[in-house]
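Below is one structure; the comments refer to it alone.
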Protein chains: 2
Amino acid sequence: MRVSREQVTANREQIVVNAAEQFRRRGFGDVTIADVMKAAGLTHGGFYGYFDSKQALEAAVCERGLAESVAAVDAVRDGEGGEGTAAEAPLRRFVDDYVSARHRDAPEEGCTVAALACDAGRSGPELQQLFVSGITGMAGSLAGLRGQGSAEPAEDGGPDFATLSTMVGAVILSRAVAAADPELSERILAAARERASAPVE
Amino acid sequence: MRVSREQVTANREQIVVNAAEQFRRRGFGDVTIADVMKAAGLTHGGFYGYFDSKQALEAAVCERGLAESVAAVDAVRDGEGGEGTAAEAPLRRFVDDYVSARHRDAPEEGCTVAALACDAGRSGPELQQLFVSGITGMAGSLAGLRGQGSAEPAEDGGPDFATLSTMVGAVILSRAVAAADPELSERILAAARERASAPVE
DNA sequence: ATTATCTATAGATCTATAGATAATGC
DNA sequence: ATTATCTATAGATCTATAGATAATGC
């Protein structure tokens, strides 16, 4: 039942990718090793050939996911607008994409911070250290977006943790009521979009 | 081993209070019925005389905790300042208390929204309905604080979901890094405090 | 007599490991 | 021969229930 070395690489990739999706949708605790391995097309017992423990997989998933989230902000900064109004300010463009019903409804392909920050708050320092990099990186890139292409003066002030808080908070709150009151969920997102995109004094 | 009717009432209270503390600190999934009953001074098996299921306990805990969170905002609005600078604007006073290291470090006695909104996002519509009331109530009371005792004109615009997003988001982010980087955690809180207290255009 | 609690356990689940199996790659 | 995977299972845990126990309150 052995496979080629290329297949081993591909299998590891599948484990991480499937774990990332399931963790972001359901949290660390509700996803089992068997769930992840089944989605990756492997058996439960094979997992420990790839990772020492479930915690090690959680760390691998967060490390990659957080880097992707930082890269997503940077992509907007570097003018990878693609479609949409090219005249739209970069900050507003990113905020509108992040604080959206689409993002709310697809946590498995969305931001790791919005999906797993709460779980990180209940995890150990090793995992939290990954969120230090991710949160600092996202807030730093957000500060870069602010002022860019807008009438707003370039602020001095380091990473924009306040705007990140608004955006992440809104996605989390919108998810907390989405199944019971979709209209309220939308109002939360709309209010936060406006606030996060608005100039600061 | 039967107890008086008064004791039954007190026991139920102990179950809810201890569950509220443990759920807010560790989340629904990491707390067992046995944990809660032990903290309440009862045995595991006795739980089902009080609640039909763990989910029913989760709902009872959230219903009470969310009402307390709404009441905490209203208390500031109604001028229950207590200590501190009486001249301080009500909004700032509440924000400074909520977006704080004290609140970050004591989720068990803190806001249910900040502690369990993520878990609610992974729960069913019944639990989410409780968050509909809690979030709407808190955002409505926050809108009342804004403008009160400040130079800011009284806004028309309904519940202040944007400010609530900033506050909840900041507490969640600060908790996600607290064990790894206390200084960063403080910077997040400070940035969000300033943003949430600032006038809006 | 009623009823809240306790003891004991069924049934299910989960992480992690041990040993067998079979295909790769020197 | 090496090694990735699979089968099977140990050991621990968790929700929920059944039946026994013992104190309350009519």
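FYI, nothing fancy with the structure tokens labels: chains A, B, ... in order, residues from 1 per chain, ligands from 1 as they appear.
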Residue contacts of range 9-17 of chain D (8 Å, only C-alpha atoms (C1' of nucleotides)) excluding same-chain residues fewer than 4 positions away, as a PDB file with N, CA and C atoms (P, O5', C5', C4', C3', O3' and C1' of nucleotides), in the first residue's frame:
ATOM      1  N   THR B  32     -17.530  19.733  30.033  1.00  0.00           N
ATOM      2  CA  THR B  32     -18.408  18.568  30.108  1.00  0.00           C
ATOM      3  C   THR B  32     -19.471  18.762  31.192  1.00  0.00           C
TER       4      THR B  32
ATOM      5  P    DT C  13     -21.089   7.622  17.013  1.00  0.00           P
ATOM      6  O5'  DT C  13     -19.774   8.347  17.558  1.00  0.00           O
ATOM      7  C5'  DT C  13     -19.870   9.129  18.717  1.00  0.00           C
ATOM      8  C4'  DT C  13     -18.527   9.693  19.132  1.00  0.00           C
ATOM      9  C3'  DT C  13     -17.468   9.752  18.030  1.00  0.00           C
ATOM     10  O3'  DT C  13     -16.896  11.044  18.035  1.00  0.00           O
ATOM     11  C1'  DT C  13     -16.605   8.699  19.955  1.00  0.00           C
ATOM     12  P    DC C  14     -16.025  11.561  16.812  1.00  0.00           P
ATOM     13  O5'  DC C  14     -14.613  11.855  17.471  1.00  0.00           O
ATOM     14  C5'  DC C  14     -14.556  12.372  18.804  1.00  0.00           C
ATOM     15  C4'  DC C  14     -13.163  12.161  19.373  1.00  0.00           C
ATOM     16  C3'  DC C  14     -12.076  12.093  18.305  1.00  0.00           C
ATOM     17  O3'  DC C  14     -11.101  13.107  18.486  1.00  0.00           O
ATOM     18  C1'  DC C  14     -11.905  10.264  19.837  1.00  0.00           C
TER      19       DC C  14
END
Produce a table with one row for each residue of chain A that has an atom at most 8 Å from any atom of chain C, each row naming the nearest atom pair and its distance in Å at one decimal; use only C-alpha atoms (C1' of nucleotides); arrange rows by chain and rising residue number; format as JSON lines.
{"residue": "A:Met1", "atom": "CA", "partner": "C:DA22", "partner_atom": "C1'", "distance": 4.6}
{"residue": "A:Arg2", "atom": "CA", "partner": "C:DA23", "partner_atom": "C1'", "distance": 4.6}
{"residue": "A:Val3", "atom": "CA", "partner": "C:DA23", "partner_atom": "C1'", "distance": 6.3}
{"residue": "A:Ser4", "atom": "CA", "partner": "C:DT24", "partner_atom": "C1'", "distance": 6.1}
{"residue": "A:Thr32", "atom": "CA", "partner": "C:DC14", "partner_atom": "C1'", "distance": 7.2}
Discussion item. Can you pull out the residues contacting Arg12 in chain A? Cut-off 12 Å, using only C-alpha atoms (C1' of nucleotides), and skip same-chain residues under 5 positions away; I want them as a PyMOL selection string.
Written reply: (chain A and resi 5-7+17-19+36-37+40-42+46-51+57+60-61) or (chain D and resi 4)
Restricting the output to N, CA, C and O atoms (P, O5', C5', C4', C3', O3' and C1' of nucleotides), write the selected residues as a PDB file, in the first residue's frame.
ATOM      1  N   ARG A   5       6.777   9.039  -3.887  1.00  0.00           N
ATOM      2  CA  ARG A   5       7.133  10.209  -3.094  1.00  0.00           C
ATOM      3  C   ARG A   5       6.322  11.433  -3.500  1.00  0.00           C
ATOM      4  O   ARG A   5       5.988  12.274  -2.673  1.00  0.00           O
ATOM      5  N   GLU A   6       6.002  11.489  -4.784  1.00  0.00           N
ATOM      6  CA  GLU A   6       5.143  12.603  -5.232  1.00  0.00           C
ATOM      7  C   GLU A   6       3.761  12.501  -4.592  1.00  0.00           C
ATOM      8  O   GLU A   6       3.162  13.487  -4.196  1.00  0.00           O
ATOM      9  N   GLN A   7       3.290  11.249  -4.508  1.00  0.00           N
ATOM     10  CA  GLN A   7       1.971  11.046  -3.917  1.00  0.00           C
ATOM     11  C   GLN A   7       1.969  11.418  -2.435  1.00  0.00           C
ATOM     12  O   GLN A   7       0.985  11.941  -1.922  1.00  0.00           O
ATOM     13  N   VAL A  17      -5.078  20.914   3.358  1.00  0.00           N
ATOM     14  CA  VAL A  17      -6.150  21.670   2.708  1.00  0.00           C
ATOM     15  C   VAL A  17      -7.517  21.288   3.274  1.00  0.00           C
ATOM     16  O   VAL A  17      -8.341  22.157   3.592  1.00  0.00           O
ATOM     17  N   ASN A  18      -7.742  20.011   3.421  1.00  0.00           N
ATOM     18  CA  ASN A  18      -9.039  19.580   3.939  1.00  0.00           C
ATOM     19  C   ASN A  18      -9.202  19.940   5.411  1.00  0.00           C
ATOM     20  O   ASN A  18     -10.298  20.303   5.851  1.00  0.00           O
ATOM     21  N   ALA A  19      -8.133  19.847   6.155  1.00  0.00           N
ATOM     22  CA  ALA A  19      -8.206  20.244   7.560  1.00  0.00           C
ATOM     23  C   ALA A  19      -8.494  21.740   7.667  1.00  0.00           C
ATOM     24  O   ALA A  19      -9.301  22.163   8.506  1.00  0.00           O
ATOM     25  N   VAL A  36     -10.834  14.454   8.755  1.00  0.00           N
ATOM     26  CA  VAL A  36      -9.848  15.064   7.864  1.00  0.00           C
ATOM     27  C   VAL A  36      -9.268  14.022   6.912  1.00  0.00           C
ATOM     28  O   VAL A  36      -9.158  14.255   5.700  1.00  0.00           O
ATOM     29  N   MET A  37      -8.897  12.869   7.460  1.00  0.00           N
ATOM     30  CA  MET A  37      -8.262  11.846   6.634  1.00  0.00           C
ATOM     31  C   MET A  37      -9.231  11.268   5.611  1.00  0.00           C
ATOM     32  O   MET A  37      -8.856  10.959   4.478  1.00  0.00           O
ATOM     33  N   ALA A  40      -9.411  13.570   2.843  1.00  0.00           N
ATOM     34  CA  ALA A  40      -8.176  13.526   2.064  1.00  0.00           C
ATOM     35  C   ALA A  40      -8.032  12.204   1.302  1.00  0.00           C
ATOM     36  O   ALA A  40      -7.069  12.006   0.573  1.00  0.00           O
ATOM     37  N   GLY A  41      -8.991  11.289   1.513  1.00  0.00           N
ATOM     38  CA  GLY A  41      -8.942  10.015   0.809  1.00  0.00           C
ATOM     39  C   GLY A  41      -7.988   9.007   1.417  1.00  0.00           C
ATOM     40  O   GLY A  41      -7.501   8.108   0.737  1.00  0.00           O
ATOM     41  N   LEU A  42      -7.743   9.157   2.728  1.00  0.00           N
ATOM     42  CA  LEU A  42      -6.836   8.236   3.408  1.00  0.00           C
ATOM     43  C   LEU A  42      -7.526   7.664   4.642  1.00  0.00           C
ATOM     44  O   LEU A  42      -8.617   8.099   5.015  1.00  0.00           O
ATOM     45  N   GLY A  46      -3.343   6.493   9.167  1.00  0.00           N
ATOM     46  CA  GLY A  46      -2.226   7.029   8.396  1.00  0.00           C
ATOM     47  C   GLY A  46      -1.807   8.426   8.807  1.00  0.00           C
ATOM     48  O   GLY A  46      -0.703   8.875   8.475  1.00  0.00           O
ATOM     49  N   PHE A  47      -2.670   9.103   9.513  1.00  0.00           N
ATOM     50  CA  PHE A  47      -2.411  10.502   9.885  1.00  0.00           C
ATOM     51  C   PHE A  47      -1.076  10.715  10.568  1.00  0.00           C
ATOM     52  O   PHE A  47      -0.347  11.668  10.265  1.00  0.00           O
ATOM     53  N   TYR A  48      -0.737   9.794  11.472  1.00  0.00           N
ATOM     54  CA  TYR A  48       0.441  10.008  12.322  1.00  0.00           C
ATOM     55  C   TYR A  48       1.765   9.794  11.605  1.00  0.00           C
ATOM     56  O   TYR A  48       2.824   9.974  12.192  1.00  0.00           O
ATOM     57  N   GLY A  49       1.677   9.420  10.348  1.00  0.00           N
ATOM     58  CA  GLY A  49       2.871   9.433   9.524  1.00  0.00           C
ATOM     59  C   GLY A  49       3.188  10.833   9.031  1.00  0.00           C
ATOM     60  O   GLY A  49       4.310  11.107   8.599  1.00  0.00           O
ATOM     61  N   TYR A  50       2.193  11.713   9.100  1.00  0.00           N
ATOM     62  CA  TYR A  50       2.364  13.077   8.605  1.00  0.00           C
ATOM     63  C   TYR A  50       2.529  14.095   9.725  1.00  0.00           C
ATOM     64  O   TYR A  50       3.273  15.072   9.582  1.00  0.00           O
ATOM     65  N   PHE A  51       1.804  13.896  10.798  1.00  0.00           N
ATOM     66  CA  PHE A  51       1.867  14.851  11.915  1.00  0.00           C
ATOM     67  C   PHE A  51       1.975  14.101  13.232  1.00  0.00           C
ATOM     68  O   PHE A  51       1.435  13.003  13.374  1.00  0.00           O
ATOM     69  N   LEU A  57      -1.208  19.592  13.500  1.00  0.00           N
ATOM     70  CA  LEU A  57      -1.987  19.900  12.293  1.00  0.00           C
ATOM     71  C   LEU A  57      -2.660  21.259  12.415  1.00  0.00           C
ATOM     72  O   LEU A  57      -2.680  22.046  11.451  1.00  0.00           O
ATOM     73  N   ALA A  60      -0.093  23.824  11.612  1.00  0.00           N
ATOM     74  CA  ALA A  60       0.233  23.866  10.181  1.00  0.00           C
ATOM     75  C   ALA A  60      -0.874  24.572   9.399  1.00  0.00           C
ATOM     76  O   ALA A  60      -0.599  25.370   8.492  1.00  0.00           O
ATOM     77  N   VAL A  61      -2.107  24.280   9.755  1.00  0.00           N
ATOM     78  CA  VAL A  61      -3.248  24.911   9.082  1.00  0.00           C
ATOM     79  C   VAL A  61      -3.262  26.416   9.322  1.00  0.00           C
ATOM     80  O   VAL A  61      -3.449  27.208   8.400  1.00  0.00           O
TER      81      VAL A  61
ATOM     82  P    DA D   4       7.716   7.422   4.206  1.00  0.00           P
ATOM     83  O5'  DA D   4       6.220   7.588   3.674  1.00  0.00           O
ATOM     84  C5'  DA D   4       5.940   7.335   2.313  1.00  0.00           C
ATOM     85  C4'  DA D   4       4.632   6.575   2.175  1.00  0.00           C
ATOM     86  C3'  DA D   4       3.482   7.133   3.021  1.00  0.00           C
ATOM     87  O3'  DA D   4       2.321   7.236   2.221  1.00  0.00           O
ATOM     88  C1'  DA D   4       3.783   4.830   3.486  1.00  0.00           C
TER      89       DA D   4
END
Considering only C-alpha atoms, give me a table of residues in chain A that are at most 7 Å from chain B, with the closest atom pair and distance in Å for each, as JSON lines.
{"residue": "A:Arg26", "atom": "CA", "partner": "B:Arg122", "partner_atom": "CA", "distance": 6.3}
{"residue": "A:Gly29", "atom": "CA", "partner": "B:Gly29", "partner_atom": "CA", "distance": 6.7}
{"residue": "A:Ala117", "atom": "CA", "partner": "B:Ala176", "partner_atom": "CA", "distance": 5.5}
{"residue": "A:Cys118", "atom": "CA", "partner": "B:Ile172", "partner_atom": "CA", "distance": 6.2}
{"residue": "A:Ala120", "atom": "CA", "partner": "B:Ala176", "partner_atom": "CA", "distance": 5.0}
{"residue": "A:Gly121", "atom": "CA", "partner": "B:Ala176", "partner_atom": "CA", "distance": 3.9}
{"residue": "A:Arg122", "atom": "CA", "partner": "B:Arg26", "partner_atom": "CA", "distance": 6.4}
{"residue": "A:Pro125", "atom": "CA", "partner": "B:Ala180", "partner_atom": "CA", "distance": 4.8}
{"residue": "A:Gln128", "atom": "CA", "partner": "B:Val177", "partner_atom": "CA", "distance": 5.1}
{"residue": "A:Gln129", "atom": "CA", "partner": "B:Ala180", "partner_atom": "CA", "distance": 5.3}
{"residue": "A:Phe131", "atom": "CA", "partner": "B:Val177", "partner_atom": "CA", "distance": 6.3}
{"residue": "A:Val132", "atom": "CA", "partner": "B:Val177", "partner_atom": "CA", "distance": 5.8}
{"residue": "A:Phe161", "atom": "CA", "partner": "B:Ile188", "partner_atom": "CA", "distance": 5.4}
{"residue": "A:Ala162", "atom": "CA", "partner": "B:Ala192", "partner_atom": "CA", "distance": 4.5}
{"residue": "A:Ser165", "atom": "CA", "partner": "B:Gly169", "partner_atom": "CA", "distance": 4.4}
{"residue": "A:Thr166", "atom": "CA", "partner": "B:Thr166", "partner_atom": "CA", "distance": 3.8}
{"residue": "A:Val168", "atom": "CA", "partner": "B:Gly169", "partner_atom": "CA", "distance": 5.6}
{"residue": "A:Gly169", "atom": "CA", "partner": "B:Gly169", "partner_atom": "CA", "distance": 3.7}
{"residue": "A:Ala170", "atom": "CA", "partner": "B:Ser165", "partner_atom": "CA", "distance": 4.8}
{"residue": "A:Ile172", "atom": "CA", "partner": "B:Cys118", "partner_atom": "CA", "distance": 6.2}
{"residue": "A:Leu173", "atom": "CA", "partner": "B:Ala117", "partner_atom": "CA", "distance": 6.4}
{"residue": "A:Arg175", "atom": "CA", "partner": "B:Gly121", "partner_atom": "CA", "distance": 4.9}
{"residue": "A:Ala176", "atom": "CA", "partner": "B:Gly121", "partner_atom": "CA", "distance": 3.9}
{"residue": "A:Val177", "atom": "CA", "partner": "B:Gln128", "partner_atom": "CA", "distance": 5.1}
{"residue": "A:Ala179", "atom": "CA", "partner": "B:Pro125", "partner_atom": "CA", "distance": 5.2}
{"residue": "A:Ala180", "atom": "CA", "partner": "B:Pro125", "partner_atom": "CA", "distance": 4.8}
{"residue": "A:Ile188", "atom": "CA", "partner": "B:Phe161", "partner_atom": "CA", "distance": 5.4}
{"residue": "A:Ala191", "atom": "CA", "partner": "B:Ala162", "partner_atom": "CA", "distance": 5.2}
{"residue": "A:Ala192", "atom": "CA", "partner": "B:Ala162", "partner_atom": "CA", "distance": 4.4}
{"residue": "A:Arg195", "atom": "CA", "partner": "B:Ala162", "partner_atom": "CA", "distance": 6.2}
Based on the selection just made, write N, CA and C atoms of those residues as a short mmCIF file (atom, residue, chain, number, x, y, z; two decimals), in the first residue's frame.
data_model
loop_
_atom_site.label_atom_id
_atom_site.label_comp_id
_atom_site.auth_asym_id
_atom_site.auth_seq_id
_atom_site.Cartn_x
_atom_site.Cartn_y
_atom_site.Cartn_z
N ARG A 26 -15.90 24.51 11.20
CA ARG A 26 -16.48 23.90 12.40
C ARG A 26 -15.64 24.07 13.66
N GLY A 29 -12.29 21.75 17.67
CA GLY A 29 -12.86 20.69 18.51
C GLY A 29 -13.85 19.77 17.82
N ALA A 117 -9.92 32.86 15.36
CA ALA A 117 -9.34 33.68 16.42
C ALA A 117 -9.87 33.26 17.80
N CYS A 118 -11.15 32.92 17.87
CA CYS A 118 -11.71 32.49 19.15
C CYS A 118 -11.06 31.21 19.63
N ALA A 120 -8.16 30.23 18.87
CA ALA A 120 -6.79 30.58 19.24
C ALA A 120 -6.74 31.13 20.66
N GLY A 121 -7.75 31.90 21.03
CA GLY A 121 -7.80 32.45 22.38
C GLY A 121 -7.88 31.39 23.45
N ARG A 122 -8.28 30.18 23.07
CA ARG A 122 -8.36 29.06 24.01
C ARG A 122 -7.23 28.06 23.78
N PRO A 125 0.32 29.05 23.74
CA PRO A 125 1.17 30.11 23.22
C PRO A 125 1.75 29.80 21.84
N GLN A 128 -0.88 30.66 19.39
CA GLN A 128 -1.12 32.11 19.46
C GLN A 128 0.00 32.89 18.80
N GLN A 129 1.22 32.37 18.86
CA GLN A 129 2.34 33.06 18.23
C GLN A 129 2.11 33.21 16.72
N PHE A 131 -0.79 33.60 15.38
CA PHE A 131 -1.75 34.70 15.22
C PHE A 131 -1.10 36.06 15.45
N VAL A 132 -0.05 36.10 16.23
CA VAL A 132 0.69 37.35 16.37
C VAL A 132 1.18 37.82 15.01
N PHE A 161 -4.90 48.25 13.80
CA PHE A 161 -5.60 47.22 14.56
C PHE A 161 -7.08 47.55 14.74
N ALA A 162 -7.40 48.83 14.75
CA ALA A 162 -8.80 49.22 14.97
C ALA A 162 -9.68 48.79 13.80
N SER A 165 -10.11 45.08 13.83
CA SER A 165 -11.07 44.68 14.86
C SER A 165 -12.50 44.83 14.35
N THR A 166 -12.77 45.94 13.72
CA THR A 166 -14.13 46.19 13.19
C THR A 166 -14.51 45.13 12.16
N VAL A 168 -13.14 42.03 11.56
CA VAL A 168 -13.24 40.67 12.11
C VAL A 168 -14.46 40.55 13.01
N GLY A 169 -14.67 41.56 13.85
CA GLY A 169 -15.82 41.55 14.74
C GLY A 169 -17.13 41.46 13.98
N ALA A 170 -17.23 42.20 12.90
CA ALA A 170 -18.48 42.20 12.13
C ALA A 170 -18.74 40.84 11.50
N ILE A 172 -17.70 37.93 12.57
CA ILE A 172 -18.06 37.01 13.65
C ILE A 172 -19.49 37.24 14.13
N LEU A 173 -19.85 38.49 14.32
CA LEU A 173 -21.23 38.79 14.77
C LEU A 173 -22.24 38.40 13.70
N ARG A 175 -22.02 36.05 11.58
CA ARG A 175 -22.14 34.60 11.57
C ARG A 175 -22.94 34.09 12.78
N ALA A 176 -22.89 34.83 13.87
CA ALA A 176 -23.57 34.40 15.10
C ALA A 176 -25.08 34.50 14.99
N VAL A 177 -25.57 35.26 13.99
CA VAL A 177 -27.02 35.42 13.84
C VAL A 177 -27.52 35.01 12.46
N ALA A 179 -28.09 32.26 10.87
CA ALA A 179 -29.08 31.19 10.71
C ALA A 179 -30.44 31.59 11.27
N ALA A 180 -30.45 32.58 12.16
CA ALA A 180 -31.70 32.96 12.81
C ALA A 180 -32.30 34.23 12.23
N ILE A 188 -25.56 44.24 10.17
CA ILE A 188 -24.29 44.30 10.88
C ILE A 188 -23.14 44.51 9.89
N ALA A 191 -23.19 48.09 8.32
CA ALA A 191 -22.75 49.15 9.24
C ALA A 191 -21.23 49.11 9.41
N ALA A 192 -20.69 47.90 9.53
CA ALA A 192 -19.24 47.78 9.73
C ALA A 192 -18.46 48.15 8.47
N ARG A 195 -18.19 51.90 8.42
CA ARG A 195 -17.29 52.39 9.46
C ARG A 195 -15.83 52.09 9.13
#
Discussion item. So that I can check the secondary structure, give me every residue of range 5-144 of chain B assigned helix (DSSP H, G or I) by backbone DSSP, as a ChimeraX atom specification.
Written reply: /B:5-26,33-39,44-49,54-77,90-98,101-105,107-109,112-121,125-144
